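Student: One file is attached below, coords.pdb, containing PDB, C-alpha atoms.
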```pdb
MODEL        1
ATOM      1  CA  MET A  73     102.313  87.049  93.357  1.00  0.00           C
ATOM      2  CA  VAL A  74     101.908  90.528  94.862  1.00  0.00           C
ATOM      3  CA  ALA A  75     103.516  91.259  98.229  1.00  0.00           C
ATOM      4  CA  GLY A  76     104.361  94.253 100.366  1.00  0.00           C
ATOM      5  CA  LEU A  77     101.023  96.050 100.030  1.00  0.00           C
ATOM      6  CA  LYS A  78     101.284  99.689 101.105  1.00  0.00           C
ATOM      7  CA  GLY A  79      98.225 101.877 101.594  1.00  0.00           C
ATOM      8  CA  VAL A  80      94.649 101.846 100.383  1.00  0.00           C
ATOM      9  CA  ALA A  81      92.478 104.685  99.085  1.00  0.00           C
ATOM     10  CA  PHE A  82      88.911 104.839  97.785  1.00  0.00           C
ATOM     11  CA  LEU A  83      88.166 106.625  94.503  1.00  0.00           C
ATOM     12  CA  ASP A  84      84.381 106.114  94.559  1.00  0.00           C
ATOM     13  CA  ASP A  85      81.748 103.673  95.835  1.00  0.00           C
ATOM     14  CA  ASP A  86      83.186 100.811  93.789  1.00  0.00           C
ATOM     15  CA  GLU A  87      86.803 101.507  92.976  1.00  0.00           C
ATOM     16  CA  MET A  88      89.787 101.553  95.292  1.00  0.00           C
ATOM     17  CA  VAL A  89      93.554 101.543  94.872  1.00  0.00           C
ATOM     18  CA  THR A  90      96.451  99.913  96.653  1.00  0.00           C
ATOM     19  CA  SER A  91     100.122  99.423  95.870  1.00  0.00           C
ATOM     20  CA  SER A  92     102.937  96.940  96.132  1.00  0.00           C
ATOM     21  CA  SER A  93     106.250  98.172  97.500  1.00  0.00           C
ATOM     22  CA  THR A  94     107.979  95.061  96.157  1.00  0.00           C
ATOM     23  CA  GLU A  95     106.568  95.258  92.626  1.00  0.00           C
ATOM     24  CA  ASN A  96     106.558  99.095  92.467  1.00  0.00           C
ATOM     25  CA  GLU A  97     103.033  99.025  91.062  1.00  0.00           C
ATOM     26  CA  VAL A  98      99.696 100.682  91.843  1.00  0.00           C
ATOM     27  CA  TYR A  99      96.505  98.653  91.396  1.00  0.00           C
ATOM     28  CA  LEU A 100      92.966  99.795  90.624  1.00  0.00           C
ATOM     29  CA  ILE A 101      90.491  97.377  92.171  1.00  0.00           C
ATOM     30  CA  SER A 102      86.755  96.946  91.639  1.00  0.00           C
ATOM     31  CA  LYS A 103      85.174  96.052  94.953  1.00  0.00           C
ATOM     32  CA  GLY A 104      81.994  94.809  93.257  1.00  0.00           C
ATOM     33  CA  GLY A 105      83.896  92.731  90.727  1.00  0.00           C
ATOM     34  CA  ARG A 106      86.461  91.721  93.356  1.00  0.00           C
ATOM     35  CA  LYS A 107      89.295  91.987  90.854  1.00  0.00           C
ATOM     36  CA  ILE A 108      92.116  94.205  89.626  1.00  0.00           C
ATOM     37  CA  VAL A 109      90.870  96.304  86.711  1.00  0.00           C
ATOM     38  CA  GLY A 110      93.896  98.533  86.201  1.00  0.00           C
ATOM     39  CA  LYS A 111      97.605  98.648  86.944  1.00  0.00           C
ATOM     40  CA  ALA A 112     100.371 101.239  86.694  1.00  0.00           C
ATOM     41  CA  SER A 113     104.089 100.674  87.178  1.00  0.00           C
ATOM     42  CA  LEU A 114     106.301 103.321  88.765  1.00  0.00           C
ATOM     43  CA  GLY A 115     109.412 101.670  87.360  1.00  0.00           C
ATOM     44  CA  LYS A 116     112.474 100.139  88.914  1.00  0.00           C
ATOM     45  CA  GLY A 117     114.127 101.834  91.834  1.00  0.00           C
ATOM     46  CA  LYS A 118     110.940 103.156  93.418  1.00  0.00           C
ATOM     47  CA  ARG A 119     110.090 102.229  97.002  1.00  0.00           C
ATOM     48  CA  ILE A 120     106.408 102.986  97.493  1.00  0.00           C
ATOM     49  CA  GLU A 121     105.646 104.089 101.043  1.00  0.00           C
ATOM     50  CA  SER A 122     102.213 105.724 100.910  1.00  0.00           C
ATOM     51  CA  LEU A 123      99.376 106.714  98.596  1.00  0.00           C
ATOM     52  CA  CYS A 124      96.202 108.783  98.611  1.00  0.00           C
ATOM     53  CA  ALA A 125      93.333 109.616  96.278  1.00  0.00           C
ATOM     54  CA  VAL A 126      92.943 113.101  94.817  1.00  0.00           C
ATOM     55  CA  PRO A 127      89.377 114.187  95.650  1.00  0.00           C
ATOM     56  CA  GLY A 128      86.921 114.227  92.753  1.00  0.00           C
ATOM     57  CA  THR A 129      89.304 112.515  90.311  1.00  0.00           C
ATOM     58  CA  LYS A 130      90.675 109.098  89.402  1.00  0.00           C
ATOM     59  CA  ARG A 131      94.168 110.293  90.255  1.00  0.00           C
ATOM     60  CA  VAL A 132      96.356 108.805  92.960  1.00  0.00           C
ATOM     61  CA  LEU A 133      99.392 110.407  94.584  1.00  0.00           C
ATOM     62  CA  VAL A 134     102.166 108.015  95.526  1.00  0.00           C
ATOM     63  CA  ALA A 135     105.097 108.866  97.821  1.00  0.00           C
ATOM     64  CA  ASP A 136     108.299 106.859  97.731  1.00  0.00           C
ATOM     65  CA  GLY A 137     111.361 106.379  99.888  1.00  0.00           C
ATOM     66  CA  ASP A 138     113.572 108.581  97.722  1.00  0.00           C
ATOM     67  CA  GLY A 139     111.605 111.803  98.131  1.00  0.00           C
ATOM     68  CA  THR A 140     109.449 111.468  95.003  1.00  0.00           C
ATOM     69  CA  VAL A 141     105.722 112.177  94.627  1.00  0.00           C
ATOM     70  CA  CYS A 142     104.145 110.555  91.578  1.00  0.00           C
ATOM     71  CA  ASP A 143     100.723 111.341  90.113  1.00  0.00           C
ATOM     72  CA  VAL A 144      98.987 108.243  88.695  1.00  0.00           C
ATOM     73  CA  ASP A 145      95.917 108.966  86.551  1.00  0.00           C
ATOM     74  CA  PHE A 146      93.560 106.010  86.149  1.00  0.00           C
ATOM     75  CA  ALA A 147      91.116 108.097  84.084  1.00  0.00           C
ATOM     76  CA  LYS A 148      93.441 107.483  81.135  1.00  0.00           C
ATOM     77  CA  ASP A 149      93.930 104.207  79.304  1.00  0.00           C
ATOM     78  CA  PRO A 150      96.579 103.115  79.878  1.00  0.00           C
ATOM     79  CA  PRO A 151      97.079 104.919  83.190  1.00  0.00           C
ATOM     80  CA  THR A 152      99.732 107.626  83.143  1.00  0.00           C
ATOM     81  CA  VAL A 153     102.474 108.163  85.720  1.00  0.00           C
ATOM     82  CA  ASN A 154     103.933 111.626  86.198  1.00  0.00           C
ATOM     83  CA  CYS A 155     106.565 112.272  88.867  1.00  0.00           C
ATOM     84  CA  VAL A 156     105.517 115.766  89.895  1.00  0.00           C
ATOM     85  CA  ALA A 157     108.040 116.333  92.677  1.00  0.00           C
ATOM     86  CA  THR A 158     111.398 114.633  93.024  1.00  0.00           C
ATOM     87  CA  SER A 159     114.418 114.695  95.293  1.00  0.00           C
ATOM     88  CA  GLU A 160     115.852 117.485  93.134  1.00  0.00           C
ATOM     89  CA  HIS A 161     113.099 119.834  94.311  1.00  0.00           C
ATOM     90  CA  PHE A 162     114.235 119.717  97.946  1.00  0.00           C
ATOM     91  CA  GLU A 163     116.659 122.386  99.104  1.00  0.00           C
ATOM     92  CA  GLY A 164     118.566 119.966 101.310  1.00  0.00           C
ATOM     93  CA  PRO A 165     118.887 116.173 101.394  1.00  0.00           C
ATOM     94  CA  PRO A 166     115.634 114.565 100.184  1.00  0.00           C
ATOM     95  CA  PRO A 167     113.589 112.889 102.899  1.00  0.00           C
ATOM     96  CA  ARG A 168     112.255 109.386 102.845  1.00  0.00           C
ATOM     97  CA  LEU A 169     108.593 110.190 102.346  1.00  0.00           C
ATOM     98  CA  THR A 170     106.351 108.045 104.521  1.00  0.00           C
ATOM     99  CA  SER A 171     102.962 109.731 104.076  1.00  0.00           C
ATOM    100  CA  VAL A 172     101.126 111.817 101.492  1.00  0.00           C
ATOM    101  CA  ALA A 173      97.728 113.527 101.674  1.00  0.00           C
ATOM    102  CA  ALA A 174      96.049 115.353  98.787  1.00  0.00           C
ATOM    103  CA  TRP A 175      94.607 118.756  99.720  1.00  0.00           C
ATOM    104  CA  ASP A 176      93.007 119.394  96.328  1.00  0.00           C
ATOM    105  CA  GLU A 177      93.757 118.787  92.640  1.00  0.00           C
ATOM    106  CA  SER A 178      96.823 121.013  92.676  1.00  0.00           C
ATOM    107  CA  SER A 179      98.442 120.559  96.078  1.00  0.00           C
ATOM    108  CA  CYS A 180      99.259 118.016  98.744  1.00  0.00           C
ATOM    109  CA  PHE A 181     101.158 117.554 101.990  1.00  0.00           C
ATOM    110  CA  VAL A 182     103.983 115.068 102.498  1.00  0.00           C
ATOM    111  CA  ALA A 183     105.694 113.762 105.612  1.00  0.00           C
ATOM    112  CA  GLY A 184     109.082 112.160 106.000  1.00  0.00           C
ATOM    113  CA  ALA A 185     112.524 112.208 107.526  1.00  0.00           C
ATOM    114  CA  VAL A 186     115.939 112.793 106.038  1.00  0.00           C
ATOM    115  CA  LYS A 187     117.978 109.612 105.597  1.00  0.00           C
ATOM    116  CA  ASP A 188     119.908 108.611 108.737  1.00  0.00           C
ATOM    117  CA  GLU A 189     117.801 111.042 110.814  1.00  0.00           C
ATOM    118  CA  LYS A 190     114.596 109.054 111.143  1.00  0.00           C
ATOM    119  CA  TYR A 191     113.666 110.770 114.403  1.00  0.00           C
ATOM    120  CA  LYS A 192     113.561 114.205 112.779  1.00  0.00           C
ATOM    121  CA  CYS A 193     110.362 114.228 110.758  1.00  0.00           C
ATOM    122  CA  SER A 194     108.427 117.065 109.192  1.00  0.00           C
ATOM    123  CA  VAL A 195     105.345 117.872 107.146  1.00  0.00           C
ATOM    124  CA  ARG A 196     105.698 120.054 104.039  1.00  0.00           C
ATOM    125  CA  HIS A 197     103.361 121.514 101.447  1.00  0.00           C
ATOM    126  CA  VAL A 198     103.801 120.567  97.774  1.00  0.00           C
ATOM    127  CA  ASP A 199     102.454 122.536  94.819  1.00  0.00           C
ATOM    128  CA  LEU A 200     101.717 119.838  92.247  1.00  0.00           C
ATOM    129  CA  LYS A 201     101.554 122.252  89.319  1.00  0.00           C
ATOM    130  CA  SER A 202     104.905 123.938  89.859  1.00  0.00           C
ATOM    131  CA  ALA A 203     106.547 121.002  91.709  1.00  0.00           C
ATOM    132  CA  HIS A 204     107.480 123.476  94.428  1.00  0.00           C
ATOM    133  CA  ILE A 205     108.163 121.939  97.827  1.00  0.00           C
ATOM    134  CA  SER A 206     107.941 124.422 100.657  1.00  0.00           C
ATOM    135  CA  GLU A 207     111.153 124.946 102.598  1.00  0.00           C
ATOM    136  CA  ALA A 208     109.131 125.935 105.650  1.00  0.00           C
ATOM    137  CA  THR A 209     107.768 122.970 107.538  1.00  0.00           C
ATOM    138  CA  VAL A 210     104.131 122.826 108.581  1.00  0.00           C
ATOM    139  CA  LEU A 211     104.990 120.589 111.532  1.00  0.00           C
ATOM    140  CA  ASP A 212     108.110 119.043 113.056  1.00  0.00           C
ATOM    141  CA  ALA A 213     107.956 115.904 115.187  1.00  0.00           C
ATOM    142  CA  THR A 214     110.023 112.956 116.349  1.00  0.00           C
ATOM    143  CA  MET A 215     108.105 110.586 114.076  1.00  0.00           C
ATOM    144  CA  ILE A 216     105.091 111.059 111.807  1.00  0.00           C
ATOM    145  CA  ARG A 217     103.036 107.961 111.148  1.00  0.00           C
ATOM    146  CA  ALA A 218     100.033 109.189 109.146  1.00  0.00           C
ATOM    147  CA  LEU A 219      98.476 112.142 107.319  1.00  0.00           C
ATOM    148  CA  LEU A 220      94.828 112.770 106.490  1.00  0.00           C
ATOM    149  CA  ALA A 221      93.567 115.860 104.695  1.00  0.00           C
ATOM    150  CA  GLU A 222      90.047 117.082 105.468  1.00  0.00           C
ATOM    151  CA  LYS A 223      89.767 120.170 103.293  1.00  0.00           C
ATOM    152  CA  ASP A 224      86.014 120.459 103.885  1.00  0.00           C
ATOM    153  CA  LYS A 225      86.893 121.075 107.535  1.00  0.00           C
ATOM    154  CA  GLY A 226      89.972 123.116 106.680  1.00  0.00           C
ATOM    155  CA  ARG A 227      92.316 120.837 108.569  1.00  0.00           C
ATOM    156  CA  LEU A 228      95.103 118.306 108.230  1.00  0.00           C
ATOM    157  CA  LEU A 229      95.233 115.456 110.746  1.00  0.00           C
ATOM    158  CA  VAL A 230      98.697 114.172 111.643  1.00  0.00           C
ATOM    159  CA  GLY A 231      99.546 111.113 113.703  1.00  0.00           C
ATOM    160  CA  VAL A 232     102.803 111.858 115.515  1.00  0.00           C
ATOM    161  CA  VAL A 233     105.058 110.079 117.990  1.00  0.00           C
ATOM    162  CA  GLN A 234     106.905 112.374 120.387  1.00  0.00           C
ATOM    163  CA  ASN A 235     109.835 111.476 122.608  1.00  0.00           C
ATOM    164  CA  PHE A 236     110.481 112.802 126.085  1.00  0.00           C
ATOM    165  CA  GLU A 237     112.992 111.946 128.778  1.00  0.00           C
ATOM    166  CA  SER A 238     112.627 111.170 132.431  1.00  0.00           C
ATOM    167  CA  THR A 239     115.107 110.079 135.095  1.00  0.00           C
ATOM    168  CA  ARG A 240     114.739 107.160 137.463  1.00  0.00           C
ATOM    169  CA  PRO A 241     114.577 108.367 141.066  1.00  0.00           C
ATOM    170  CA  GLY A 242     116.900 107.047 143.730  1.00  0.00           C
ATOM    171  CA  GLY A 243     120.588 106.194 143.934  1.00  0.00           C
ATOM    172  CA  ASP A 244     122.843 104.092 141.800  1.00  0.00           C
ATOM    173  CA  ASP A 245     121.540 101.017 140.035  1.00  0.00           C
ATOM    174  CA  GLU A 246     122.217  97.615 141.537  1.00  0.00           C
ATOM    175  CA  ASP A 247     125.028  97.114 139.066  1.00  0.00           C
ATOM    176  CA  GLY A 248     126.717 100.277 140.330  1.00  0.00           C
ATOM    177  CA  SER A 249     126.001 102.377 137.275  1.00  0.00           C
ATOM    178  CA  ASP A 250     124.602 105.874 137.532  1.00  0.00           C
ATOM    179  CA  ASP A 251     120.970 106.645 136.841  1.00  0.00           C
ATOM    180  CA  LYS A 252     120.278 107.169 133.162  1.00  0.00           C
ATOM    181  CA  ALA A 253     117.589 109.084 131.343  1.00  0.00           C
ATOM    182  CA  LEU A 254     114.822 106.856 130.039  1.00  0.00           C
ATOM    183  CA  GLU A 255     113.334 107.477 126.635  1.00  0.00           C
ATOM    184  CA  ALA A 256     109.568 107.194 126.516  1.00  0.00           C
ATOM    185  CA  LYS A 257     107.109 107.778 123.700  1.00  0.00           C
ATOM    186  CA  HIS A 258     103.576 109.015 123.414  1.00  0.00           C
ATOM    187  CA  THR A 259     101.341 109.298 120.380  1.00  0.00           C
ATOM    188  CA  ASP A 260      99.263 112.348 119.507  1.00  0.00           C
ATOM    189  CA  LEU A 261      96.700 113.125 116.843  1.00  0.00           C
ATOM    190  CA  VAL A 262      97.421 116.707 115.841  1.00  0.00           C
ATOM    191  CA  ALA A 263      94.992 118.902 113.892  1.00  0.00           C
ATOM    192  CA  LEU A 264      96.620 121.549 111.712  1.00  0.00           C
ATOM    193  CA  TYR A 265      94.764 124.342 109.960  1.00  0.00           C
ATOM    194  CA  PRO A 266      96.753 125.379 106.873  1.00  0.00           C
ATOM    195  CA  ASP A 267      96.585 128.955 105.658  1.00  0.00           C
ATOM    196  CA  SER A 268      93.598 129.718 103.468  1.00  0.00           C
ATOM    197  CA  ASP A 269      95.858 130.394 100.489  1.00  0.00           C
ATOM    198  CA  VAL A 270      97.266 126.843 100.470  1.00  0.00           C
TER     199      VAL A 270
ENDMDL
END
```
What would you get if you wrote out this structure as C-alpha coordinates?

Tutor:
Amino acid sequence: MVAGLKGVAFLDDDEMVTSSSTENEVYLISKGGRKIVGKASLGKGKRIESLCAVPGTKRVLVADGDGTVCDVDFAKDPPTVNCVATSEHFEGPPPRLTSVAAWDESSCFVAGAVKDEKYKCSVRHVDLKSAHISEATVLDATMIRALLAEKDKGRLLVGVVQNFESTRPGGDDEDGSDDKALEAKHTDLVALYPDSDV
(Lines of atoms letter the chains of each structure in order from A and count residues from 1; the text may use other names and numbers.)
(Lines give C-alpha, C1' and ligand atoms only; values in the text may rest on other atoms or scores of the structure.)
Protein backbone atom coordinates (compact mmCIF):
# COMPACT_ATOMS: atom_id res chain seq x y z
CA MET A 1 0.00 0.00 0.00
CA VAL A 2 1.35 3.42 -1.00
CA ALA A 3 0.51 6.43 1.17
CA GLY A 4 1.66 9.99 1.62
CA LEU A 5 1.74 10.95 -2.06
CA LYS A 6 3.73 14.14 -2.62
CA GLY A 7 3.71 15.98 -5.94
CA VAL A 8 2.95 15.08 -9.53
CA ALA A 9 4.81 15.99 -12.73
CA PHE A 10 4.23 15.14 -16.39
CA LEU A 11 7.12 13.84 -18.50
CA ASP A 12 5.19 13.59 -21.79
CA ASP A 13 1.67 12.98 -23.11
CA ASP A 14 1.49 9.55 -21.50
CA GLU A 15 3.93 9.35 -18.63
CA MET A 16 3.80 11.10 -15.28
CA VAL A 17 5.57 10.73 -11.95
CA THR A 18 4.56 10.98 -8.33
CA SER A 19 6.19 10.03 -5.04
CA SER A 20 5.46 8.57 -1.65
CA SER A 21 6.85 10.37 1.38
CA THR A 22 6.19 7.30 3.53
CA GLU A 23 7.86 4.78 1.21
CA ASN A 24 10.61 7.17 0.00
CA GLU A 25 9.96 6.10 -3.58
CA VAL A 26 9.28 7.81 -6.91
CA TYR A 27 6.84 6.18 -9.34
CA LEU A 28 6.65 6.38 -13.13
CA ILE A 29 3.05 6.00 -14.23
CA SER A 30 1.54 5.35 -17.66
CA LYS A 31 -1.69 7.29 -17.93
CA GLY A 32 -2.84 5.23 -20.92
CA GLY A 33 -2.00 1.93 -19.25
CA ARG A 34 -3.22 3.23 -15.88
CA LYS A 35 -0.39 1.48 -14.06
CA ILE A 36 3.02 1.98 -12.49
CA VAL A 37 5.71 1.16 -15.06
CA GLY A 38 8.79 2.21 -13.11
CA LYS A 39 9.93 2.80 -9.55
CA ALA A 40 13.00 4.28 -7.88
CA SER A 41 13.84 4.24 -4.18
CA LEU A 42 15.63 7.15 -2.52
CA GLY A 43 16.59 4.97 0.43
CA LYS A 44 15.85 5.11 4.12
CA GLY A 45 15.96 8.41 5.91
CA LYS A 46 14.64 10.50 3.04
CA ARG A 47 11.52 12.61 3.53
CA ILE A 48 10.25 13.52 0.07
CA GLU A 49 8.59 16.93 0.02
CA SER A 50 8.41 17.94 -3.65
CA LEU A 51 9.31 16.87 -7.17
CA CYS A 52 9.44 18.27 -10.69
CA ALA A 53 10.24 17.09 -14.20
CA VAL A 54 13.37 18.27 -16.01
CA PRO A 55 12.17 19.65 -19.36
CA GLY A 56 12.92 17.51 -22.41
CA THR A 57 14.16 14.52 -20.39
CA LYS A 58 12.89 11.58 -18.36
CA ARG A 59 14.63 12.97 -15.29
CA VAL A 60 12.88 14.01 -12.11
CA LEU A 61 14.26 16.26 -9.37
CA VAL A 62 13.18 15.37 -5.86
CA ALA A 63 13.60 17.63 -2.81
CA ASP A 64 13.56 16.22 0.70
CA GLY A 65 13.19 17.50 4.23
CA ASP A 66 16.91 17.28 4.99
CA GLY A 67 18.10 19.72 2.33
CA THR A 68 18.85 17.16 -0.39
CA VAL A 69 18.04 17.38 -4.11
CA CYS A 70 18.09 14.03 -5.90
CA ASP A 71 18.11 13.48 -9.66
CA VAL A 72 16.10 10.40 -10.70
CA ASP A 73 16.63 9.28 -14.31
CA PHE A 74 13.86 7.07 -15.68
CA ALA A 75 15.54 6.90 -19.11
CA LYS A 76 17.82 4.25 -17.61
CA ASP A 77 16.83 0.71 -16.68
CA PRO A 78 16.82 0.40 -13.78
CA PRO A 79 16.30 4.08 -12.95
CA THR A 80 19.28 5.79 -11.36
CA VAL A 81 19.24 8.06 -8.31
CA ASN A 82 21.95 10.67 -7.89
CA CYS A 83 21.88 13.08 -4.95
CA VAL A 84 23.26 16.16 -6.68
CA ALA A 85 23.03 18.61 -3.78
CA THR A 86 23.01 17.72 -0.11
CA SER A 87 22.94 19.44 3.25
CA GLU A 88 26.74 19.62 3.13
CA HIS A 89 26.54 22.08 0.23
CA PHE A 90 24.76 24.74 2.30
CA GLU A 91 26.91 27.33 4.03
CA GLY A 92 24.70 27.40 7.10
CA PRO A 93 22.15 24.97 8.56
CA PRO A 94 20.43 23.04 5.74
CA PRO A 95 16.82 24.01 5.13
CA ARG A 96 13.88 21.69 4.95
CA LEU A 97 13.25 21.88 1.23
CA THR A 98 9.55 22.14 0.42
CA SER A 99 9.60 22.95 -3.30
CA VAL A 100 11.84 22.38 -6.32
CA ALA A 101 11.53 23.68 -9.89
CA ALA A 102 13.83 22.71 -12.76
CA TRP A 103 15.04 25.66 -14.85
CA ASP A 104 16.85 23.53 -17.43
CA GLU A 105 18.93 20.34 -17.58
CA SER A 106 21.70 21.79 -15.44
CA SER A 107 20.02 24.05 -12.89
CA CYS A 108 17.01 24.39 -10.64
CA PHE A 109 15.53 26.52 -7.88
CA VAL A 110 14.66 25.24 -4.41
CA ALA A 111 12.60 26.72 -1.60
CA GLY A 112 12.64 25.93 2.08
CA ALA A 113 13.16 27.07 5.63
CA VAL A 114 15.85 26.30 8.16
CA LYS A 115 14.73 23.86 10.86
CA ASP A 116 12.96 25.55 13.79
CA GLU A 117 12.55 28.74 11.70
CA LYS A 118 9.67 27.72 9.46
CA TYR A 119 8.54 31.32 8.99
CA LYS A 120 11.84 32.34 7.42
CA CYS A 121 11.76 30.86 3.93
CA SER A 122 13.87 31.56 0.88
CA VAL A 123 14.39 30.57 -2.74
CA ARG A 124 17.89 29.65 -3.93
CA HIS A 125 19.49 28.68 -7.21
CA VAL A 126 21.20 25.28 -7.53
CA ASP A 127 23.78 24.35 -10.17
CA LEU A 128 23.14 20.65 -10.73
CA LYS A 129 26.49 20.02 -12.41
CA SER A 130 28.70 21.49 -9.71
CA ALA A 131 26.23 20.95 -6.82
CA HIS A 132 26.71 24.61 -5.97
CA ILE A 133 23.90 26.17 -3.95
CA SER A 134 23.85 29.93 -4.12
CA GLU A 135 24.36 31.71 -0.81
CA ALA A 136 22.41 34.69 -2.12
CA THR A 137 18.68 34.18 -1.95
CA VAL A 138 16.47 34.92 -4.95
CA LEU A 139 13.52 35.67 -2.68
CA ASP A 140 12.81 35.78 1.05
CA ALA A 141 9.31 35.33 2.45
CA THR A 142 7.41 34.26 5.54
CA MET A 143 6.34 31.01 3.88
CA ILE A 144 6.79 29.64 0.36
CA ARG A 145 4.20 27.13 -0.76
CA ALA A 146 5.02 26.46 -4.42
CA LEU A 147 7.52 27.03 -7.24
CA LEU A 148 6.96 26.85 -10.98
CA ALA A 149 9.66 27.53 -13.56
CA GLU A 150 8.61 28.96 -16.93
CA LYS A 151 11.93 29.34 -18.71
CA ASP A 152 10.25 30.01 -22.07
CA LYS A 153 8.86 33.17 -20.45
CA GLY A 154 12.04 33.82 -18.48
CA ARG A 155 10.29 33.73 -15.14
CA LEU A 156 9.87 31.79 -11.92
CA LEU A 157 6.45 31.82 -10.26
CA VAL A 158 6.44 31.62 -6.46
CA GLY A 159 3.44 31.16 -4.20
CA VAL A 160 4.21 32.99 -0.95
CA VAL A 161 2.42 33.67 2.32
CA GLN A 162 3.34 36.96 3.98
CA ASN A 163 2.59 38.02 7.53
CA PHE A 164 1.70 41.51 8.68
CA GLU A 165 0.53 42.95 11.97
CA SER A 166 -2.33 45.21 12.87
CA THR A 167 -3.66 46.48 16.19
CA ARG A 168 -7.24 46.36 17.39
CA PRO A 169 -8.62 49.88 17.86
CA GLY A 170 -10.17 51.00 21.11
CA GLY A 171 -9.38 50.56 24.79
CA ASP A 172 -8.65 47.54 26.90
CA ASP A 173 -10.26 44.21 26.15
CA GLU A 174 -13.23 43.11 28.21
CA ASP A 175 -10.96 40.88 30.25
CA GLY A 176 -8.84 43.89 31.18
CA SER A 177 -5.86 42.97 29.06
CA ASP A 178 -4.16 45.47 26.80
CA ASP A 179 -4.69 45.49 23.06
CA LYS A 180 -2.42 43.06 21.26
CA ALA A 181 -1.11 42.97 17.73
CA LEU A 182 -3.00 40.55 15.52
CA GLU A 183 -1.15 38.40 13.04
CA ALA A 184 -2.81 38.17 9.65
CA LYS A 185 -1.73 36.45 6.46
CA HIS A 186 -2.15 37.08 2.78
CA THR A 187 -1.06 35.00 -0.18
CA ASP A 188 0.73 36.36 -3.24
CA LEU A 189 1.81 34.89 -6.54
CA VAL A 190 5.18 36.47 -7.24
CA ALA A 191 6.87 36.46 -10.65
CA LEU A 192 10.67 36.53 -10.56
CA TYR A 193 12.89 37.05 -13.58
CA PRO A 194 16.25 35.38 -12.92
CA ASP A 195 19.38 36.81 -14.49
CA SER A 196 20.00 35.68 -18.04
CA ASP A 197 23.16 33.85 -17.00
CA VAL A 198 21.29 31.49 -14.65

Student: Take CA of Val89 in chain A and CA of Asp149 in chain A and report the distance between them in Å, one decimal.

Tutor: 15.8 Å

Student: Kindly give the distance, in Å, that separates CA of Arg168 in chain A and CA of Val182 in chain A, rounded to a single decimal.

Tutor: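 Taking CA of Arg168 in chain A as the start and CA of Val182 in chain A as the end point, the length is 10.0 Å.
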
Student: I need the residue nearest Arg119 in chain A from this list: A:Tyr99, A:Ser92, A:Leu133, A:Asp143. Use all atoms listed in the file for the distance.

Tutor: A:Ser92

Student: Range 170-181 of chain A, all listed atoms, 4 Å padding on each side: what axis-aligned box centre and edge lengths in Å to one decimal come out, as AutoDock Vina command-line options?

Tutor:
```
--center_x 99.7 --center_y 114.5 --center_z 98.6 --size_x 21.3 --size_y 21.0 --size_z 19.9
```

Student: Please, what distance in Å, to one decimal, runs between CA of Ser102 in chain A and CA of Glu87 in chain A?

Tutor: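 Going from CA of Ser102 in chain A over to CA of Glu87 in chain A covers 4.8 Å.
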
Student: Give the answer as one residue: which of A:Val172, A:Cys155, A:Val232, A:Val186 has the shortest atom-to-atom distance to Lys201 in chain A, using all atoms listed in the file?

Tutor: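 Checking each candidate against Lys201 in chain A, we get A:Cys155 as the closest.
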
Student: For the structure shown, which residues end up in the PyMOL selection byres ((chain A and resi 80) around 8)? Put them as a VMD selection string, please?

Tutor: chain A and resid 78 to 79 81 to 82 88 to 91 123 to 124

Student: What does the PyMOL selection byres ((chain A and resi 218) around 8) select in this file, as a ChimeraX atom specification?

Tutor: /A:170-171,216-217,219-220,230-232

Student: So that I can check the surroundings of Pro150 in chain A, please list as a PDB file with C-alpha atoms, in the coordinates of the input every protein, DNA and RNA residue that reaches within 12 Å of it, counting all atoms listed in the file and ignoring chain neighbours fewer than 2 positions away.

Tutor:
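Final file, around25.pdb:
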```pdb
ATOM      1  CA  LEU A 100      92.966  99.795  90.624  1.00  0.00           C
ATOM      2  CA  VAL A 109      90.870  96.304  86.711  1.00  0.00           C
ATOM      3  CA  GLY A 110      93.896  98.533  86.201  1.00  0.00           C
ATOM      4  CA  LYS A 111      97.605  98.648  86.944  1.00  0.00           C
ATOM      5  CA  ALA A 112     100.371 101.239  86.694  1.00  0.00           C
ATOM      6  CA  SER A 113     104.089 100.674  87.178  1.00  0.00           C
ATOM      7  CA  VAL A 144      98.987 108.243  88.695  1.00  0.00           C
ATOM      8  CA  ASP A 145      95.917 108.966  86.551  1.00  0.00           C
ATOM      9  CA  PHE A 146      93.560 106.010  86.149  1.00  0.00           C
ATOM     10  CA  ALA A 147      91.116 108.097  84.084  1.00  0.00           C
ATOM     11  CA  LYS A 148      93.441 107.483  81.135  1.00  0.00           C
ATOM     12  CA  THR A 152      99.732 107.626  83.143  1.00  0.00           C
ATOM     13  CA  VAL A 153     102.474 108.163  85.720  1.00  0.00           C
TER      14      VAL A 153
END
```

Student: Just want the 8 Å neighbourhood of Leu114 in chain A, counted on only C-alpha atoms, with same-chain residues fewer than 6 positions away dropped. Output as a list in words.

Tutor: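 What passes the distance filter is Asn96, Glu97, Val98 and Val153 of chain A.
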
Student: How would you write, as a PyMOL selection string, the residues chosen by the PyMOL selection byres ((chain A and resi 205) around 10) on this structure?

Tutor: chain A and resi 157-159+161-163+179-182+196-200+202-204+206-209

Student: Could you pull the residues within 9 Å of Thr214 in chain A, counting all atoms listed in the file, minus those fewer than 2 positions along the same chain, as a ChimeraX atom specification?

Tutor: /A:190-194,212,216,232-235
